[in-house]
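Here is entry.tsv, consisting of TSV, C-alpha atoms and all ligand atoms:
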```
chain	number	residue	atom	x	y	z
A	15	MET	CA	10.58	86.42	-8.27
A	16	ASN	CA	14.31	86.83	-7.70
A	17	CYS	CA	16.56	84.79	-5.45
A	18	ASP	CA	17.12	86.45	-2.03
A	19	LYS	CA	20.89	85.99	-2.51
A	20	CYS	CA	21.45	86.89	-6.19
A	21	LYS	CA	19.64	88.17	-9.28
A	22	GLU	CA	18.73	84.74	-10.66
A	23	ASN	CA	15.12	83.55	-10.83
A	24	ALA	CA	13.99	81.85	-7.63
A	25	ILE	CA	13.00	78.20	-8.14
A	26	TYR	CA	11.89	77.85	-4.52
A	27	GLN	CA	9.79	80.12	-2.34
A	28	ASP	CA	10.11	80.92	1.37
A	29	PRO	CA	13.02	81.36	1.35
A	30	ASN	CA	13.18	82.58	-2.27
A	31	LEU	CA	16.23	80.88	-3.75
A	32	CYS	CA	17.70	80.00	-7.13
A	33	LYS	CA	18.93	76.45	-7.82
A	34	LYS	CA	22.51	77.10	-6.67
A	35	HIS	CA	21.51	78.88	-3.47
A	36	PHE	CA	18.75	76.39	-2.65
A	37	ILE	CA	21.23	73.50	-2.78
A	38	GLU	CA	23.64	75.45	-0.56
A	39	TYR	CA	20.82	76.34	1.86
A	40	PHE	CA	19.63	72.72	2.07
A	41	GLU	CA	23.06	71.25	2.69
A	42	GLN	CA	23.99	73.93	5.22
A	43	LYS	CA	20.73	73.40	7.11
A	44	THR	CA	21.57	69.68	7.39
A	45	ILE	CA	25.11	70.40	8.59
A	46	ASN	CA	23.80	73.00	11.08
A	47	THR	CA	21.46	70.40	12.62
A	48	ILE	CA	24.32	67.88	12.87
A	49	LYS	CA	26.47	70.52	14.62
A	50	LYS	CA	23.70	71.94	16.83
A	51	PHE	CA	23.03	68.58	18.48
A	52	GLY	CA	26.58	67.16	18.15
A	53	MET	CA	25.22	64.27	16.07
A	54	ILE	CA	28.51	63.43	14.34
A	55	LYS	CA	31.70	64.79	15.84
A	56	ASN	CA	34.22	63.09	13.60
A	57	LYS	CA	33.88	62.60	9.84
A	58	GLN	CA	35.82	59.32	10.01
A	59	GLU	CA	33.16	57.79	12.27
A	60	LYS	CA	31.26	55.12	10.35
A	61	ILE	CA	27.56	56.06	10.15
A	62	CYS	CA	24.86	53.59	9.21
A	63	VAL	CA	22.10	55.24	7.16
A	64	ALA	CA	18.71	53.54	7.32
A	65	ALA	CA	17.84	53.59	3.63
A	66	SER	CA	14.72	52.56	1.75
A	67	GLY	CA	15.33	53.99	-1.72
A	68	GLY	CA	12.73	56.72	-1.03
A	69	LYS	CA	13.45	60.43	-1.33
A	70	ASP	CA	14.32	61.10	2.33
A	71	SER	CA	16.89	58.37	2.83
A	72	VAL	CA	18.46	58.77	-0.61
A	73	ALA	CA	18.77	62.55	-0.15
A	74	LEU	CA	20.31	61.91	3.29
A	75	LEU	CA	22.81	59.37	1.92
A	76	PHE	CA	23.64	61.77	-0.91
A	77	VAL	CA	24.21	64.86	1.22
A	78	LEU	CA	26.23	63.04	3.92
A	79	HIS	CA	28.35	61.30	1.28
A	80	LYS	CA	28.87	64.57	-0.62
A	81	LYS	CA	29.96	66.36	2.57
A	82	GLY	CA	32.58	63.70	3.27
A	83	PHE	CA	30.92	61.67	6.03
A	84	ASN	CA	31.75	57.97	6.22
A	85	VAL	CA	28.40	56.38	5.41
A	86	GLU	CA	27.10	52.85	4.80
A	87	ALA	CA	23.50	51.94	4.02
A	88	LEU	CA	21.20	49.42	5.66
A	89	ALA	CA	17.89	48.69	3.94
A	90	ILE	CA	14.90	46.69	5.11
A	91	ASP	CA	12.79	44.87	2.54
A	92	GLU	CA	9.30	44.64	4.05
A	93	GLY	CA	8.03	42.63	1.09
A	94	ILE	CA	5.61	45.09	-0.56
A	95	LYS	CA	5.20	44.03	-4.16
A	96	GLY	CA	5.37	46.76	-6.80
A	97	TYR	CA	6.62	49.30	-4.24
A	98	ARG	CA	9.58	48.26	-2.09
A	99	ASP	CA	11.09	46.01	-4.79
A	100	ARG	CA	11.22	49.05	-7.09
A	101	SER	CA	12.70	51.42	-4.52
A	102	LEU	CA	15.33	48.86	-3.49
A	103	GLU	CA	16.33	48.34	-7.11
A	104	PHE	CA	16.91	52.09	-7.35
A	105	LEU	CA	18.82	52.11	-4.04
A	106	GLN	CA	21.13	49.34	-5.23
A	107	GLU	CA	21.99	51.30	-8.38
A	108	PHE	CA	22.45	54.51	-6.39
A	109	CYS	CA	24.82	52.87	-3.87
A	110	LYS	CA	26.76	51.17	-6.65
A	111	LYS	CA	27.19	54.48	-8.50
A	112	HIS	CA	28.35	56.32	-5.37
A	113	LYS	CA	30.41	53.38	-4.01
A	114	ILE	CA	28.44	53.13	-0.78
A	115	ASN	CA	28.24	49.74	1.00
A	116	LEU	CA	24.69	48.47	1.19
A	117	LYS	CA	23.16	45.65	3.26
A	118	ILE	CA	19.57	44.50	2.68
A	119	LYS	CA	17.63	42.50	5.29
A	120	SER	CA	14.16	41.15	4.59
A	121	TYR	CA	11.06	40.48	6.69
A	122	LYS	CA	10.56	37.24	4.78
A	123	LYS	CA	13.90	35.86	5.89
A	124	GLU	CA	14.07	37.33	9.38
A	125	ILE	CA	10.43	37.35	10.52
A	126	GLY	CA	9.12	34.57	8.28
A	127	LYS	CA	6.45	36.64	6.52
A	128	THR	CA	6.24	39.68	4.23
A	129	ILE	CA	4.08	42.73	4.96
A	130	ASP	CA	1.86	41.74	2.02
A	131	GLN	CA	1.16	38.48	3.90
A	132	LEU	CA	0.85	40.11	7.34
A	133	SER	CA	-1.53	42.82	6.04
A	134	LYS	CA	-4.22	40.15	5.69
A	135	LYS	CA	-4.25	39.67	9.46
A	136	TYR	CA	-3.05	43.06	10.75
A	137	SER	CA	-4.74	46.24	9.62
A	138	PRO	CA	-3.48	48.90	9.24
A	139	ALA	CA	-0.28	47.12	8.24
A	140	CYS	CA	1.83	50.11	9.34
A	141	ASN	CA	1.62	49.17	13.03
A	142	VAL	CA	3.39	45.81	12.60
A	143	CYS	CA	5.54	47.11	9.78
A	144	GLY	CA	7.00	49.96	11.86
A	145	THR	CA	7.65	47.65	14.82
A	146	PHE	CA	9.55	45.12	12.69
A	147	ARG	CA	11.49	47.80	10.80
A	148	ARG	CA	12.77	49.31	14.07
A	149	TYR	CA	13.60	45.79	15.29
A	150	LEU	CA	15.61	44.82	12.20
A	151	LEU	CA	17.40	48.17	12.07
A	152	ASP	CA	18.40	47.69	15.73
A	153	GLN	CA	19.54	44.11	15.17
A	154	HIS	CA	21.66	44.91	12.11
A	155	SER	CA	23.19	48.23	13.17
A	156	LYS	CA	24.88	46.92	16.32
A	157	GLU	CA	28.34	47.21	14.75
A	158	TYR	CA	27.87	51.00	14.35
A	159	LYS	CA	27.78	53.63	17.05
A	160	LYS	CA	25.19	55.68	15.15
A	161	ILE	CA	22.34	55.13	12.76
A	162	ALA	CA	20.97	58.09	10.76
A	163	THR	CA	17.39	58.16	9.55
A	164	GLY	CA	15.76	60.42	6.97
A	165	HIS	CA	12.98	61.63	9.32
A	166	ASN	CA	12.09	65.19	8.33
A	167	LEU	CA	10.20	68.09	9.92
A	168	ASP	CA	6.86	66.81	8.58
A	169	ASP	CA	7.47	63.32	10.04
A	170	GLU	CA	8.47	64.75	13.39
A	171	ALA	CA	5.50	67.13	13.66
A	172	GLN	CA	3.22	64.19	12.80
A	173	ALA	CA	4.88	61.99	15.43
A	174	VAL	CA	4.42	64.64	18.15
A	175	MET	CA	0.72	65.00	17.35
A	176	MET	CA	0.19	61.23	16.98
A	177	ASN	CA	1.71	60.57	20.39
A	178	ILE	CA	-0.45	63.30	21.96
A	179	LEU	CA	-3.63	62.05	20.31
A	180	LYS	CA	-2.90	58.45	21.36
A	181	ALA	CA	-1.66	59.46	24.86
A	182	GLN	CA	1.63	57.64	24.24
A	183	THR	CA	3.53	59.52	26.96
A	184	SER	CA	6.57	57.28	26.97
A	185	LEU	CA	7.08	57.57	23.20
A	186	PHE	CA	6.34	61.29	23.40
A	187	ALA	CA	9.08	61.82	26.00
A	188	ARG	CA	11.62	59.89	23.92
A	189	GLN	CA	11.13	61.72	20.61
A	190	GLY	CA	13.63	64.24	19.32
A	191	PRO	CA	16.54	64.78	16.93
A	192	MET	CA	18.71	62.07	18.53
A	193	THR	CA	18.58	59.40	21.21
A	194	LYS	CA	20.92	59.41	24.20
A	195	ASP	CA	24.36	57.83	23.94
A	196	ILE	CA	23.83	54.70	26.06
A	197	ASP	CA	26.28	51.80	26.24
A	198	GLY	CA	25.07	48.80	24.27
A	199	PHE	CA	22.64	50.74	22.03
A	200	THR	CA	23.18	52.29	18.62
A	201	GLN	CA	22.44	56.00	18.86
A	202	LYS	CA	19.75	57.24	16.44
A	203	ILE	CA	20.29	60.60	14.75
A	204	LYS	CA	18.00	62.63	12.44
A	205	PRO	CA	19.99	65.21	10.42
A	206	PHE	CA	16.81	66.30	8.51
A	207	TYR	CA	14.98	67.10	11.75
A	208	PHE	CA	14.29	70.73	10.69
A	209	ILE	CA	13.99	70.10	6.94
A	210	LYS	CA	10.55	70.16	5.33
A	211	GLU	CA	9.45	67.28	3.11
A	212	LYS	CA	8.91	69.83	0.31
A	213	GLU	CA	12.57	70.91	0.63
A	214	ILE	CA	13.77	67.30	0.33
A	215	MET	CA	11.64	66.76	-2.79
A	216	THR	CA	13.05	69.94	-4.33
A	217	TYR	CA	16.64	68.96	-3.47
A	218	ALA	CA	16.19	65.46	-4.92
A	219	PHE	CA	14.62	66.88	-8.07
A	220	LEU	CA	17.33	69.57	-8.57
A	221	LEU	CA	20.09	67.01	-8.08
A	222	GLY	CA	18.45	64.74	-10.67
A	223	LEU	CA	18.30	61.87	-8.18
A	224	ASN	CA	15.40	60.36	-10.20
A	225	ILE	CA	13.62	59.06	-7.14
A	226	ASP	CA	10.20	57.51	-7.49
A	227	PHE	CA	7.93	59.70	-5.29
A	228	GLU	CA	5.22	57.03	-5.15
A	229	GLU	CA	3.65	56.29	-1.77
A	230	CYS	CA	3.43	52.86	-0.11
A	231	PRO	CA	0.03	51.26	-0.93
A	232	TYR	CA	-0.67	50.75	2.81
A	233	ALA	CA	0.09	54.38	3.79
A	234	PRO	CA	-3.41	55.85	3.15
A	235	LEU	CA	-4.89	53.43	5.73
A	236	SER	CA	-2.59	54.60	8.51
A	237	PHE	CA	-3.30	56.95	11.41
A	238	ARG	CA	-0.22	58.90	10.33
A	239	SER	CA	-1.83	59.64	6.99
A	240	TYR	CA	-4.86	61.17	8.74
A	241	VAL	CA	-2.61	63.31	10.99
A	242	ARG	CA	-0.42	64.29	8.01
A	243	ASP	CA	-3.41	65.59	6.02
A	244	TRP	CA	-4.65	67.53	9.03
A	245	ILE	CA	-1.25	69.17	9.71
A	246	ASN	CA	-0.76	69.95	5.99
A	247	LYS	CA	-4.11	71.73	5.97
A	248	GLU	CA	-3.10	73.74	9.04
A	249	GLU	CA	0.29	74.57	7.51
A	250	LYS	CA	-1.42	75.86	4.37
A	251	GLU	CA	-3.57	78.21	6.41
A	252	ASN	CA	-0.97	79.09	9.06
A	253	GLN	CA	2.53	78.90	7.68
A	254	GLY	CA	5.07	77.67	10.22
A	255	THR	CA	2.70	75.22	11.97
A	256	LYS	CA	5.06	72.23	11.52
A	257	LEU	CA	8.07	74.12	12.84
A	258	ASN	CA	5.99	75.45	15.76
A	259	ILE	CA	4.92	71.92	16.75
A	260	VAL	CA	8.51	70.65	16.71
A	261	THR	CA	10.16	73.63	18.44
A	262	HIS	CA	7.47	73.74	21.16
A	263	TYR	CA	7.89	70.00	21.62
A	264	LEU	CA	11.65	70.42	22.14
A	265	LYS	CA	11.06	73.16	24.72
A	266	LEU	CA	8.49	71.03	26.53
A	267	ARG	CA	10.83	68.03	26.57
A	268	GLU	CA	13.60	70.16	28.05
A	269	ASP	CA	11.21	71.42	30.76
A	270	MET	CA	10.08	67.84	31.52
A	271	GLN	CA	13.67	66.69	31.91
A	272	ASP	CA	14.64	69.74	34.02
A	273	ASN	CA	11.68	69.14	36.30
A	274	ILE	CA	12.17	65.42	36.82
A	275	GLN	CA	13.63	66.05	40.33
A	276	LYS	CA	10.59	68.04	41.39
A	277	ILE	CA	8.28	65.47	39.83
A	278	GLU	CA	10.01	62.70	41.79
A	279	THR	CA	8.97	64.25	45.06
A	280	LYS	CA	5.33	64.64	44.11
A	281	GLU	CA	2.83	61.82	44.12
A	282	ASN	CA	-0.06	62.36	41.79
A	283	LYS	CA	-1.33	60.64	38.67
A	284	PHE	CA	0.30	63.06	36.23
A	285	SER	CA	3.72	62.98	37.89
A	286	LYS	CA	3.62	59.16	37.79
A	287	VAL	CA	2.91	59.19	34.03
A	288	VAL	CA	5.80	61.63	33.39
A	289	LYS	CA	8.15	59.71	35.71
A	290	ASP	CA	7.37	56.41	33.96
A	291	ALA	CA	7.90	58.05	30.57
A	292	LEU	CA	11.34	59.29	31.56
A	293	GLN	CA	12.57	55.96	32.96
A	294	PRO	CA	15.90	54.86	31.45
A	295	ILE	CA	15.51	52.61	28.42
A	296	LYS	CA	15.92	48.86	29.08
A	297	LYS	CA	17.14	45.97	26.92
A	298	CYS	CA	14.71	43.35	25.65
A	299	HIS	CA	15.51	40.01	27.35
A	300	GLU	CA	15.05	38.14	24.05
A	301	CYS	CA	16.82	40.27	21.44
A	302	GLY	CA	18.59	43.11	23.28
A	303	SER	CA	16.71	45.88	21.44
A	304	PRO	CA	15.65	49.04	23.31
A	305	CYS	CA	12.49	48.30	25.26
A	306	SER	CA	10.41	49.76	28.10
A	307	GLY	CA	9.45	46.39	29.66
A	308	LEU	CA	11.03	42.93	29.76
A	309	ILE	CA	10.24	41.78	26.21
A	310	CYS	CA	9.99	44.17	23.24
A	311	LYS	CA	6.92	44.51	21.04
A	312	ALA	CA	8.69	42.91	18.04
A	313	CYS	CA	9.58	39.73	19.98
A	314	LYS	CA	6.00	39.43	21.27
A	315	LEU	CA	4.64	39.93	17.74
A	316	LYS	CA	7.08	37.39	16.29
A	317	GLU	CA	5.83	34.82	18.78
A	318	GLU	CA	2.20	35.61	17.91
A	319	ILE	CA	2.87	35.31	14.17
A	320	ASN	CA	4.73	32.04	14.41
A	321	ALA	CA	2.37	30.44	17.00
B	401	LIG	FE1	5.35	49.91	6.21
B	401	LIG	FE2	3.23	51.53	6.49
B	401	LIG	FE3	5.61	52.54	5.80
B	401	LIG	FE4	4.22	51.03	4.09
B	401	LIG	S1	3.63	53.06	4.90
B	401	LIG	S2	6.42	50.88	4.49
B	401	LIG	S3	3.29	49.55	5.47
B	401	LIG	S4	5.09	51.57	7.75
```
This entry written out as structure tokens:
Amino acid sequence: MNCDKCKENAIYQDPNLCKKHFIEYFEQKTINTIKKFGMIKNKQEKICVAASGGKDSVALLFVLHKKGFNVEALAIDEGIKGYRDRSLEFLQEFCKKHKINLKIKSYKKEIGKTIDQLSKKYSPACNVCGTFRRYLLDQHSKEYKKIATGHNLDDEAQAVMMNILKAQTSLFARQGPMTKDIDGFTQKIKPFYFIKEKEIMTYAFLLGLNIDFEECPYAPLSFRSYVRDWINKEEKENQGTKLNIVTHYLKLREDMQDNIQKIETKENKFSKVVKDALQPIKKCHECGSPCSGLICKACKLKEEINA
């Protein structure tokens, strides 16, 4: 099959593109998302990239750095032997080669225990792991205005479905390509919001980034893994499923926000759920991280662990 843009052989399908045109397509798609949502308005602005050494965050660091954005990396070492130690070793080499500042913060030092230790008490480990990762990223990105994450289209479609299946209305209402610009909080941006995981893997492979594609040993036990397999099966049978989930979610979110005034005047169970979900984000009284109540989940968990 030929490339849609030239006569070279296509190395990627749908769209059919050769190596050169796939790289161009990938980078342009990232830039288009940044522009569409006004994620980064000035290339001099220092952007913190949440990096793990995995394909998504390394590809994000690479493309932003290549396009002239002012990036620094912040990594969280959860303490997963044989997995995170390897990816962080790769990340350190990558950042050194590309002259990108890198900070690494560990669960062991900041929480007191590694995920390998916590997994003996908390199963699936992903629930506590995700809470502490968000907490440490918040705590250590305060000096930046924005933090970019490598969340891709697959991740976002999974998150929409997970929040629906678990009736997590508040989280559902707050999803999206970027958080609001609120004083005192680092804004989160997702430049790969419309990029498929398969596209990131292809980009990383074509660029010879030599990333280890191995999965975290705790991932198969997670609810996300179940939802991921289900959506992948749907995508195989009905191409475009992932994009449909995300674009319909964005439309729904817009409608919810437009209708908040009307909702405020109604008093029924559903309007209360939506109203609560759209409440402005608060600051945790203990650590200052974004939170919907008085104390955030990470601070409560830390207390439980160290009791
Ligand atoms: Fe943590 Fe789960 Fe991700 Fe592994 S898969 S790094 S345990 S959230």
_Test item: residues at most 12 Å from Glu103 of chain A, only C-alpha atoms, excluding those fewer than 2 positions along its chain, as a list in words_ = Ser66, Gly67, Gly68, Ala89, Asp91, Gly96, Tyr97, Arg98, Asp99, Arg100, Ser101, Leu105, Gln106, Glu107, Phe108, Cys109, Lys110, Leu116, Ile118, Ile225 and Asp226 of chain A
Could those selected residues go to a file with C-alpha atoms, as a CSV table (one decimal), in the coordinates of the input?
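Ended up saving to out-v5.csv:
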```csv
chain,number,residue,atom,x,y,z
A,66,SER,CA,14.7,52.6,1.8
A,67,GLY,CA,15.3,54.0,-1.7
A,68,GLY,CA,12.7,56.7,-1.0
A,89,ALA,CA,17.9,48.7,3.9
A,91,ASP,CA,12.8,44.9,2.5
A,96,GLY,CA,5.4,46.8,-6.8
A,97,TYR,CA,6.6,49.3,-4.2
A,98,ARG,CA,9.6,48.3,-2.1
A,99,ASP,CA,11.1,46.0,-4.8
A,100,ARG,CA,11.2,49.0,-7.1
A,101,SER,CA,12.7,51.4,-4.5
A,105,LEU,CA,18.8,52.1,-4.0
A,106,GLN,CA,21.1,49.3,-5.2
A,107,GLU,CA,22.0,51.3,-8.4
A,108,PHE,CA,22.4,54.5,-6.4
A,109,CYS,CA,24.8,52.9,-3.9
A,110,LYS,CA,26.8,51.2,-6.6
A,116,LEU,CA,24.7,48.5,1.2
A,118,ILE,CA,19.6,44.5,2.7
A,225,ILE,CA,13.6,59.1,-7.1
A,226,ASP,CA,10.2,57.5,-7.5
```
*Name each residue within 8 Å of ligand LIG 401 (chain B), counting all atoms listed in the file, as a ChimeraX atom specification.*
/A:92,94,98,129,138-144,147,229-234,236
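Note that atom CA of Tyr39 of chain A and atom CA of Trp244 of chain A are 27.9 Å apart.
Here atom CA of Glu251 of chain A and atom CA of Asp28 of chain A stand 14.8 Å from one another.
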*Name the residues within 7 Å of (26.5, 50.8, 18.0), counting only C-alpha atoms in the file's coordinates, and put them as a PyMOL selection string.*
chain A and resi 155-160+198-201
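Atom to atom, atom CA of Arg148 of chain A and atom CA of Asp272 of chain A stand 28.6 Å apart.
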